$ cat model-v2.cif   # mmCIF, C-alpha atoms
data_structure
loop_
_atom_site.group_PDB
_atom_site.id
_atom_site.type_symbol
_atom_site.label_atom_id
_atom_site.label_comp_id
_atom_site.auth_asym_id
_atom_site.auth_seq_id
_atom_site.Cartn_x
_atom_site.Cartn_y
_atom_site.Cartn_z
ATOM 1 C CA MET A 1 178.445 54.086 122.917
ATOM 2 C CA GLU A 2 178.742 57.199 120.737
ATOM 3 C CA TYR A 3 179.739 59.539 123.571
ATOM 4 C CA PHE A 4 183.238 58.139 123.986
ATOM 5 C CA PRO A 5 184.596 58.857 120.455
ATOM 6 C CA ALA A 6 182.994 62.320 120.488
ATOM 7 C CA LEU A 7 184.618 63.070 123.843
ATOM 8 C CA ALA A 8 187.970 61.681 122.675
ATOM 9 C CA ARG A 9 187.824 63.813 119.501
ATOM 10 C CA TRP A 10 186.979 66.961 121.522
ATOM 11 C CA ILE A 11 189.896 66.375 123.939
ATOM 12 C CA HIS A 12 192.198 65.481 121.011
ATOM 13 C CA PHE A 13 191.371 68.822 119.340
ATOM 14 C CA MET A 14 191.714 70.946 122.497
ATOM 15 C CA ALA A 15 195.013 69.410 123.599
ATOM 16 C CA GLY A 16 196.260 69.449 119.987
ATOM 17 C CA VAL A 17 195.544 73.169 119.676
ATOM 18 C CA MET A 18 197.490 73.802 122.902
ATOM 19 C CA TRP A 19 200.417 71.595 121.800
ATOM 20 C CA ILE A 20 200.810 72.901 118.269
ATOM 21 C CA GLY A 21 199.882 76.446 119.342
ATOM 22 C CA LEU A 22 202.755 76.469 121.836
ATOM 23 C CA LEU A 23 205.070 74.843 119.268
ATOM 24 C CA TYR A 24 204.304 77.718 116.866
ATOM 25 C CA TYR A 25 204.694 80.226 119.725
ATOM 26 C CA PHE A 26 208.195 78.881 120.434
ATOM 27 C CA ASN A 27 209.253 78.922 116.788
ATOM 28 C CA PHE A 28 207.468 81.970 115.395
ATOM 29 C CA VAL A 29 207.670 84.217 118.501
ATOM 30 C CA GLN A 30 209.983 83.122 121.304
ATOM 31 C CA VAL A 31 213.147 82.299 119.309
ATOM 32 C CA ALA A 32 213.244 85.791 117.773
ATOM 33 C CA ALA A 33 212.085 87.467 121.010
ATOM 34 C CA LEU A 34 214.807 85.728 123.029
ATOM 35 C CA LYS A 35 217.460 86.912 120.588
ATOM 36 C CA ALA A 36 216.280 90.512 120.960
ATOM 37 C CA ALA A 37 215.869 90.168 124.749
ATOM 38 C CA THR A 38 219.397 88.736 125.111
ATOM 39 C CA ALA A 39 220.740 91.762 123.246
ATOM 40 C CA ASP A 40 219.122 94.236 125.689
ATOM 41 C CA GLY A 41 219.676 92.130 128.834
ATOM 42 C CA THR A 42 216.031 91.181 129.482
ATOM 43 C CA ALA A 43 216.176 87.501 128.488
ATOM 44 C CA ALA A 44 215.631 86.317 132.082
ATOM 45 C CA GLY A 45 212.015 87.455 131.882
ATOM 46 C CA ILE A 46 211.447 84.866 129.184
ATOM 47 C CA THR A 47 213.784 82.085 130.325
ATOM 48 C CA LYS A 48 212.733 82.271 133.999
ATOM 49 C CA HIS A 49 209.051 83.057 133.854
ATOM 50 C CA VAL A 50 207.634 82.290 130.398
ATOM 51 C CA ALA A 51 209.552 79.336 128.932
ATOM 52 C CA PRO A 52 209.200 76.895 131.884
ATOM 53 C CA ARG A 53 205.420 77.443 132.042
ATOM 54 C CA ALA A 54 205.040 77.196 128.274
ATOM 55 C CA LEU A 55 207.108 73.978 128.254
ATOM 56 C CA LEU A 56 204.990 72.455 131.026
ATOM 57 C CA PHE A 57 201.740 72.875 129.076
ATOM 58 C CA PHE A 58 203.519 72.029 125.795
ATOM 59 C CA ARG A 59 204.870 68.618 126.826
ATOM 60 C CA TRP A 60 201.767 67.453 128.690
ATOM 61 C CA ALA A 61 199.411 68.687 125.968
ATOM 62 C CA ALA A 62 201.461 66.495 123.602
ATOM 63 C CA VAL A 63 200.768 63.437 125.772
ATOM 64 C CA VAL A 64 197.046 64.193 126.132
ATOM 65 C CA THR A 65 196.750 64.754 122.369
ATOM 66 C CA TRP A 66 198.383 61.395 121.604
ATOM 67 C CA VAL A 67 196.365 59.437 124.181
ATOM 68 C CA ALA A 68 193.057 60.983 123.053
ATOM 69 C CA GLY A 69 194.021 60.284 119.424
ATOM 70 C CA ALA A 70 194.812 56.658 120.253
ATOM 71 C CA ALA A 71 191.459 56.358 122.062
ATOM 72 C CA LEU A 72 189.745 57.811 119.018
ATOM 73 C CA LEU A 73 191.377 55.246 116.714
ATOM 74 C CA SER A 74 190.189 52.596 119.155
ATOM 75 C CA ASP A 75 190.069 49.128 117.529
ATOM 76 C CA ARG A 76 191.511 50.588 114.286
ATOM 77 C CA PHE A 77 194.713 51.706 116.057
ATOM 78 C CA VAL A 78 196.839 48.845 114.665
ATOM 79 C CA ASP A 79 195.416 49.194 111.122
ATOM 80 C CA ALA A 80 196.191 52.936 111.222
ATOM 81 C CA PHE A 81 199.803 52.435 112.286
ATOM 82 C CA LEU A 82 200.284 49.634 109.756
ATOM 83 C CA LEU A 83 198.767 51.937 107.075
ATOM 84 C CA ARG A 84 196.338 49.194 106.001
ATOM 85 C CA GLN A 85 192.580 48.587 105.619
ATOM 86 C CA GLY A 86 191.996 52.057 104.180
ATOM 87 C CA MET A 87 193.601 53.729 107.209
ATOM 88 C CA ALA A 88 196.784 54.955 105.479
ATOM 89 C CA GLY A 89 195.645 58.618 105.470
ATOM 90 C CA ILE A 90 194.889 59.002 109.161
ATOM 91 C CA GLY A 91 197.655 56.487 109.920
ATOM 92 C CA MET A 92 200.243 58.758 108.299
ATOM 93 C CA GLY A 93 198.967 61.602 110.504
ATOM 94 C CA ALA A 94 199.237 59.331 113.532
ATOM 95 C CA TRP A 95 202.831 58.359 112.650
ATOM 96 C CA LEU A 96 203.863 61.996 112.203
ATOM 97 C CA GLY A 97 202.204 62.943 115.513
ATOM 98 C CA THR A 98 203.989 60.057 117.244
ATOM 99 C CA ILE A 99 207.388 61.128 115.882
ATOM 100 C CA MET A 100 206.614 64.651 117.114
ATOM 101 C CA LEU A 101 205.721 63.345 120.594
ATOM 102 C CA PHE A 102 209.053 61.474 120.652
ATOM 103 C CA ASN A 103 210.874 64.690 119.715
ATOM 104 C CA VAL A 104 209.141 66.578 122.543
ATOM 105 C CA TRP A 105 210.008 64.125 125.316
ATOM 106 C CA VAL A 106 213.341 62.716 124.107
ATOM 107 C CA LEU A 107 214.988 65.660 122.340
ATOM 108 C CA ILE A 108 213.303 68.959 123.284
ATOM 109 C CA TRP A 109 212.433 68.641 126.990
ATOM 110 C CA PRO A 110 215.688 67.046 128.308
ATOM 111 C CA ASN A 111 217.760 69.618 126.400
ATOM 112 C CA GLN A 112 215.544 72.533 127.476
ATOM 113 C CA GLN A 113 216.105 71.488 131.093
ATOM 114 C CA LYS A 114 219.850 72.001 130.562
ATOM 115 C CA ILE A 115 219.340 75.312 128.720
ATOM 116 C CA LEU A 116 217.020 76.749 131.394
ATOM 117 C CA GLY A 117 219.261 75.600 134.258
ATOM 118 C CA LEU A 118 216.764 73.037 135.593
ATOM 119 C CA GLN A 119 219.492 70.386 135.125
ATOM 120 C CA PRO A 120 223.203 71.021 135.765
ATOM 121 C CA ALA A 121 225.218 71.447 132.543
ATOM 122 C CA THR A 122 228.503 72.986 131.441
ATOM 123 C CA ASP A 123 228.524 75.853 128.934
ATOM 124 C CA GLU A 124 229.597 73.422 126.210
ATOM 125 C CA GLU A 125 226.741 71.042 127.074
ATOM 126 C CA LYS A 126 224.315 73.971 127.078
ATOM 127 C CA ASN A 127 225.433 75.081 123.618
ATOM 128 C CA LYS A 128 224.994 71.556 122.272
ATOM 129 C CA ALA A 129 221.608 71.247 124.009
ATOM 130 C CA ARG A 130 220.511 74.572 122.480
ATOM 131 C CA ARG A 131 221.245 73.330 118.967
ATOM 132 C CA VAL A 132 219.597 69.909 119.439
ATOM 133 C CA ALA A 133 216.460 71.398 121.050
ATOM 134 C CA PHE A 134 216.231 74.059 118.346
ATOM 135 C CA LEU A 135 216.519 71.576 115.475
ATOM 136 C CA ALA A 136 214.059 69.133 117.088
ATOM 137 C CA SER A 137 211.582 71.962 117.591
ATOM 138 C CA ARG A 138 212.017 73.157 113.993
ATOM 139 C CA ALA A 139 211.664 69.563 112.760
ATOM 140 C CA ASN A 140 208.353 69.409 114.618
ATOM 141 C CA VAL A 141 207.141 72.589 112.887
ATOM 142 C CA MET A 142 208.081 70.990 109.553
ATOM 143 C CA LEU A 143 206.339 67.698 110.457
ATOM 144 C CA SER A 144 203.258 69.544 111.755
ATOM 145 C CA ILE A 145 202.460 70.682 108.193
ATOM 146 C CA PRO A 146 201.875 67.200 106.700
ATOM 147 C CA MET A 147 200.617 65.931 110.103
ATOM 148 C CA LEU A 148 197.775 68.479 110.107
ATOM 149 C CA PHE A 149 197.045 67.763 106.434
ATOM 150 C CA PHE A 150 196.577 64.051 107.146
ATOM 151 C CA MET A 151 194.733 64.640 110.441
ATOM 152 C CA ALA A 152 192.336 67.057 108.755
ATOM 153 C CA GLY A 153 191.668 65.040 105.604
ATOM 154 C CA GLY A 154 193.083 61.563 106.111
ATOM 155 C CA TRP A 155 189.834 60.057 107.310
ATOM 156 C CA SER A 156 186.925 62.407 106.730
ATOM 157 C CA HIS A 157 187.939 63.777 103.293
ATOM 158 C CA ARG A 158 188.982 60.600 101.545
ATOM 159 C CA ALA A 159 188.101 62.014 98.118
ATOM 160 C CA LEU A 160 191.438 63.814 98.384
ATOM 161 C CA PHE A 161 193.043 60.438 97.805
ATOM 162 C CA GLY A 162 190.766 59.379 94.980
ATOM 163 C CA LEU A 163 188.462 57.239 97.159
ATOM 164 C CA MET B 1 224.805 73.536 102.401
ATOM 165 C CA LYS B 2 222.679 75.539 104.823
ATOM 166 C CA ASN B 3 220.187 73.637 106.972
ATOM 167 C CA PRO B 4 216.662 74.639 105.827
ATOM 168 C CA LEU B 5 215.432 74.295 109.412
ATOM 169 C CA ASP B 6 217.579 77.293 110.420
ATOM 170 C CA SER B 7 215.056 79.613 108.781
ATOM 171 C CA LEU B 8 211.297 79.702 109.243
ATOM 172 C CA TRP B 9 210.664 79.883 105.499
ATOM 173 C CA GLY B 10 212.994 76.912 104.913
ATOM 174 C CA THR B 11 211.079 74.979 107.582
ATOM 175 C CA ILE B 12 207.680 75.795 106.053
ATOM 176 C CA ILE B 13 208.784 74.986 102.496
ATOM 177 C CA SER B 14 210.303 71.689 103.709
ATOM 178 C CA GLY B 15 206.989 70.863 105.393
ATOM 179 C CA LEU B 16 205.031 71.605 102.219
ATOM 180 C CA VAL B 17 207.384 69.489 100.084
ATOM 181 C CA LEU B 18 207.115 66.643 102.611
ATOM 182 C CA THR B 19 203.302 66.947 102.477
ATOM 183 C CA VAL B 20 203.310 66.473 98.687
ATOM 184 C CA ILE B 21 205.658 63.458 98.881
ATOM 185 C CA LEU B 22 203.647 61.775 101.665
ATOM 186 C CA TYR B 23 200.385 62.538 99.857
ATOM 187 C CA PHE B 24 201.507 60.425 96.892
ATOM 188 C CA VAL B 25 202.796 57.682 99.213
ATOM 189 C CA VAL B 26 199.399 57.505 100.985
ATOM 190 C CA LYS B 27 197.485 57.734 97.709
ATOM 191 C CA SER B 28 199.412 54.777 96.314
ATOM 192 C CA LEU B 29 198.606 52.780 99.471
ATOM 193 C CA LEU B 30 194.901 53.608 99.291
ATOM 194 C CA THR B 31 194.191 53.077 95.612
#
$ encode --input "model-v2.cif" --output "structure tokens"
Amino acid sequence: MEYFPALARWIHFMAGVMWIGLLYYFNFVQVAALKAATADGTAAGITKHVAPRALLFFRWAAVVTWVAGAALLSDRFVDAFLLRQGMAGIGMGAWLGTIMLFNVWVLIWPNQQKILGLQPATDEEKNKARRVAFLASRANVMLSIPMLFFMAGGWSHRALFGL
Amino acid sequence: MKNPLDSLWGTIISGLVLTVILYFVVKSLLT
């Protein structure tokens, strides 16, 4: 059945573009825009109307990307995560993507809920949440660089690794 | 010491350095 892996790869790419695209939007655009908007009193436009929608697509695109990627690995899933049987390249990409998914759901989203007022929090808790969410998001930008390298070349361009 | 993740350039450079390190780790596992 050749349709299933092709479909899984297509969904993996589409959801991955949405996930990493929104991650780059947050880090390259929204952080700086929010700083400027806070200075001129227009931050609510972003925090009320843009950020919650962007976070919704961001966190669920992360899940879809991971599930489609796991489906694509199929019976080689375990070999990939154990970095064995010639699967170390794509397996490294899979590990980095998994760490990033953890960051989204465990560090970024719960703290963003406090920052955006979707969960009750004191000012002190909000300040702490802001720092944790920011660093987790920046860590994901950092991890996305090797993750995309290994996703792009880890399986289909094995000559990169001398194979 | 300043956290490199506080700046976008620091984040990108850290990602590139990590790519090089992991490349050699993976290469040693594959060959």
$ closest_residue --input "model-v2.cif" --among "A:Ala80, A:Val141, A:Val29, A:Ile20" --to "Gly93 (chain A)" --atoms "all atoms listed in the file"
A:Ala80
$ interface_residues --input "model-v2.cif" --of "chain A" --to "chain B" --cutoff "12 Å" --atoms "all atoms listed in the file" --output "PyMOL selection string"
chain A and resi 24+26-29+31-32+80+82-93+95-96+131-132+134-151+153-155+158-163
$ resolve_selection --input "model-v2.cif" --expression "the PyMOL selection byres ((chain A and resi 13) around 12)" --output "MDAnalysis selection string"
chainID A and resid 6:12 14:21 61:62 64:69 72 148 151:152
$ atom_distance --input "model-v2.cif" --atom1 "CA of Arg59 (chain A)" --atom2 "CA of Leu118 (chain A)"
15.4 Å
$ atom_distance --input "model-v2.cif" --atom1 "CA of Glu2 (chain A)" --atom2 "CA of Ile99 (chain A)"
29.3 Å
$ atom_distance --input "model-v2.cif" --atom1 "CA of Ala33 (chain A)" --atom2 "CA of Thr98 (chain A)"
28.8 Å
$ closest_residue --input "model-v2.cif" --among "A:Phe81, A:Leu73, A:Gly117, A:His157" --to "Thr47 (chain A)" --atoms "all atoms listed in the file"
A:Gly117
$ axis_aligned_box --input "model-v2.cif" --around "region 12-25 of chain A" --padding-each-side "8 Å" --output "JSON"
{"center_x": 198.2, "center_y": 72.9, "center_z": 120.2, "size_x": 29.7, "size_y": 30.7, "size_z": 22.7}
$ build_atoms --input "model-v2.cif" --residues "region 122-155 of chain A" --atoms "N, CA and C atoms" --output "PDB file, keeping the file's coordinate frame"
ATOM      1  N   THR A 122     227.419  72.049 131.728  1.00  0.00           N
ATOM      2  CA  THR A 122     228.503  72.986 131.441  1.00  0.00           C
ATOM      3  C   THR A 122     228.074  73.886 130.280  1.00  0.00           C
ATOM      4  N   ASP A 123     228.860  74.949 130.041  1.00  0.00           N
ATOM      5  CA  ASP A 123     228.524  75.853 128.934  1.00  0.00           C
ATOM      6  C   ASP A 123     228.527  75.117 127.593  1.00  0.00           C
ATOM      7  N   GLU A 124     229.508  74.191 127.462  1.00  0.00           N
ATOM      8  CA  GLU A 124     229.597  73.422 126.210  1.00  0.00           C
ATOM      9  C   GLU A 124     228.364  72.541 126.027  1.00  0.00           C
ATOM     10  N   GLU A 125     227.946  71.889 127.126  1.00  0.00           N
ATOM     11  CA  GLU A 125     226.741  71.042 127.074  1.00  0.00           C
ATOM     12  C   GLU A 125     225.496  71.878 126.762  1.00  0.00           C
ATOM     13  N   LYS A 126     225.462  73.092 127.335  1.00  0.00           N
ATOM     14  CA  LYS A 126     224.315  73.971 127.078  1.00  0.00           C
ATOM     15  C   LYS A 126     224.255  74.382 125.616  1.00  0.00           C
ATOM     16  N   ASN A 127     225.411  74.681 125.037  1.00  0.00           N
ATOM     17  CA  ASN A 127     225.433  75.081 123.618  1.00  0.00           C
ATOM     18  C   ASN A 127     224.967  73.940 122.721  1.00  0.00           C
ATOM     19  N   LYS A 128     225.412  72.725 123.051  1.00  0.00           N
ATOM     20  CA  LYS A 128     224.994  71.556 122.272  1.00  0.00           C
ATOM     21  C   LYS A 128     223.489  71.334 122.445  1.00  0.00           C
ATOM     22  N   ALA A 129     223.034  71.450 123.703  1.00  0.00           N
ATOM     23  CA  ALA A 129     221.608  71.247 124.009  1.00  0.00           C
ATOM     24  C   ALA A 129     220.745  72.261 123.259  1.00  0.00           C
ATOM     25  N   ARG A 130     221.243  73.503 123.172  1.00  0.00           N
ATOM     26  CA  ARG A 130     220.511  74.572 122.480  1.00  0.00           C
ATOM     27  C   ARG A 130     220.276  74.204 121.004  1.00  0.00           C
ATOM     28  N   ARG A 131     221.336  73.683 120.391  1.00  0.00           N
ATOM     29  CA  ARG A 131     221.245  73.330 118.967  1.00  0.00           C
ATOM     30  C   ARG A 131     220.304  72.136 118.748  1.00  0.00           C
ATOM     31  N   VAL A 132     220.435  71.110 119.596  1.00  0.00           N
ATOM     32  CA  VAL A 132     219.597  69.909 119.439  1.00  0.00           C
ATOM     33  C   VAL A 132     218.129  70.266 119.670  1.00  0.00           C
ATOM     34  N   ALA A 133     217.850  71.029 120.736  1.00  0.00           N
ATOM     35  CA  ALA A 133     216.460  71.398 121.050  1.00  0.00           C
ATOM     36  C   ALA A 133     215.881  72.259 119.936  1.00  0.00           C
ATOM     37  N   PHE A 134     216.695  73.182 119.426  1.00  0.00           N
ATOM     38  CA  PHE A 134     216.231  74.059 118.346  1.00  0.00           C
ATOM     39  C   PHE A 134     215.875  73.253 117.095  1.00  0.00           C
ATOM     40  N   LEU A 135     216.778  72.353 116.698  1.00  0.00           N
ATOM     41  CA  LEU A 135     216.519  71.576 115.475  1.00  0.00           C
ATOM     42  C   LEU A 135     215.340  70.619 115.646  1.00  0.00           C
ATOM     43  N   ALA A 136     215.201  70.033 116.848  1.00  0.00           N
ATOM     44  CA  ALA A 136     214.059  69.133 117.088  1.00  0.00           C
ATOM     45  C   ALA A 136     212.752  69.914 117.041  1.00  0.00           C
ATOM     46  N   SER A 137     212.785  71.124 117.589  1.00  0.00           N
ATOM     47  CA  SER A 137     211.582  71.962 117.591  1.00  0.00           C
ATOM     48  C   SER A 137     211.218  72.390 116.162  1.00  0.00           C
ATOM     49  N   ARG A 138     212.253  72.786 115.400  1.00  0.00           N
ATOM     50  CA  ARG A 138     212.017  73.157 113.993  1.00  0.00           C
ATOM     51  C   ARG A 138     211.547  71.957 113.174  1.00  0.00           C
ATOM     52  N   ALA A 139     212.103  70.775 113.468  1.00  0.00           N
ATOM     53  CA  ALA A 139     211.664  69.563 112.760  1.00  0.00           C
ATOM     54  C   ALA A 139     210.184  69.319 113.048  1.00  0.00           C
ATOM     55  N   ASN A 140     209.765  69.599 114.290  1.00  0.00           N
ATOM     56  CA  ASN A 140     208.353  69.409 114.618  1.00  0.00           C
ATOM     57  C   ASN A 140     207.458  70.405 113.878  1.00  0.00           C
ATOM     58  N   VAL A 141     207.931  71.633 113.685  1.00  0.00           N
ATOM     59  CA  VAL A 141     207.141  72.589 112.887  1.00  0.00           C
ATOM     60  C   VAL A 141     207.004  72.049 111.458  1.00  0.00           C
ATOM     61  N   MET A 142     208.113  71.552 110.913  1.00  0.00           N
ATOM     62  CA  MET A 142     208.081  70.990 109.553  1.00  0.00           C
ATOM     63  C   MET A 142     207.100  69.810 109.488  1.00  0.00           C
ATOM     64  N   LEU A 143     207.205  68.895 110.453  1.00  0.00           N
ATOM     65  CA  LEU A 143     206.339  67.698 110.457  1.00  0.00           C
ATOM     66  C   LEU A 143     204.884  68.048 110.720  1.00  0.00           C
ATOM     67  N   SER A 144     204.645  69.165 111.435  1.00  0.00           N
ATOM     68  CA  SER A 144     203.258  69.544 111.755  1.00  0.00           C
ATOM     69  C   SER A 144     202.473  69.871 110.489  1.00  0.00           C
ATOM     70  N   ILE A 145     203.165  70.291 109.432  1.00  0.00           N
ATOM     71  CA  ILE A 145     202.460  70.682 108.193  1.00  0.00           C
ATOM     72  C   ILE A 145     201.808  69.463 107.532  1.00  0.00           C
ATOM     73  N   PRO A 146     202.566  68.397 107.202  1.00  0.00           N
ATOM     74  CA  PRO A 146     201.875  67.200 106.700  1.00  0.00           C
ATOM     75  C   PRO A 146     201.004  66.525 107.767  1.00  0.00           C
ATOM     76  N   MET A 147     201.418  66.573 109.052  1.00  0.00           N
ATOM     77  CA  MET A 147     200.617  65.931 110.103  1.00  0.00           C
ATOM     78  C   MET A 147     199.206  66.524 110.114  1.00  0.00           C
ATOM     79  N   LEU A 148     199.105  67.844 110.076  1.00  0.00           N
ATOM     80  CA  LEU A 148     197.775  68.479 110.107  1.00  0.00           C
ATOM     81  C   LEU A 148     196.998  68.216 108.821  1.00  0.00           C
ATOM     82  N   PHE A 149     197.711  68.099 107.701  1.00  0.00           N
ATOM     83  CA  PHE A 149     197.045  67.763 106.434  1.00  0.00           C
ATOM     84  C   PHE A 149     196.376  66.389 106.545  1.00  0.00           C
ATOM     85  N   PHE A 150     197.124  65.406 107.057  1.00  0.00           N
ATOM     86  CA  PHE A 150     196.577  64.051 107.146  1.00  0.00           C
ATOM     87  C   PHE A 150     195.546  63.917 108.277  1.00  0.00           C
ATOM     88  N   MET A 151     195.733  64.664 109.362  1.00  0.00           N
ATOM     89  CA  MET A 151     194.733  64.640 110.441  1.00  0.00           C
ATOM     90  C   MET A 151     193.421  65.241 109.949  1.00  0.00           C
ATOM     91  N   ALA A 152     193.541  66.344 109.202  1.00  0.00           N
ATOM     92  CA  ALA A 152     192.336  67.057 108.755  1.00  0.00           C
ATOM     93  C   ALA A 152     191.590  66.282 107.673  1.00  0.00           C
ATOM     94  N   GLY A 153     192.340  65.664 106.745  1.00  0.00           N
ATOM     95  CA  GLY A 153     191.668  65.040 105.604  1.00  0.00           C
ATOM     96  C   GLY A 153     191.846  63.549 105.456  1.00  0.00           C
ATOM     97  N   GLY A 154     192.713  62.962 106.283  1.00  0.00           N
ATOM     98  CA  GLY A 154     193.083  61.563 106.111  1.00  0.00           C
ATOM     99  C   GLY A 154     191.945  60.579 106.304  1.00  0.00           C
ATOM    100  N   TRP A 155     190.939  60.983 107.081  1.00  0.00           N
ATOM    101  CA  TRP A 155     189.834  60.057 107.310  1.00  0.00           C
ATOM    102  C   TRP A 155     188.515  60.597 106.768  1.00  0.00           C
TER     103      TRP A 155
END
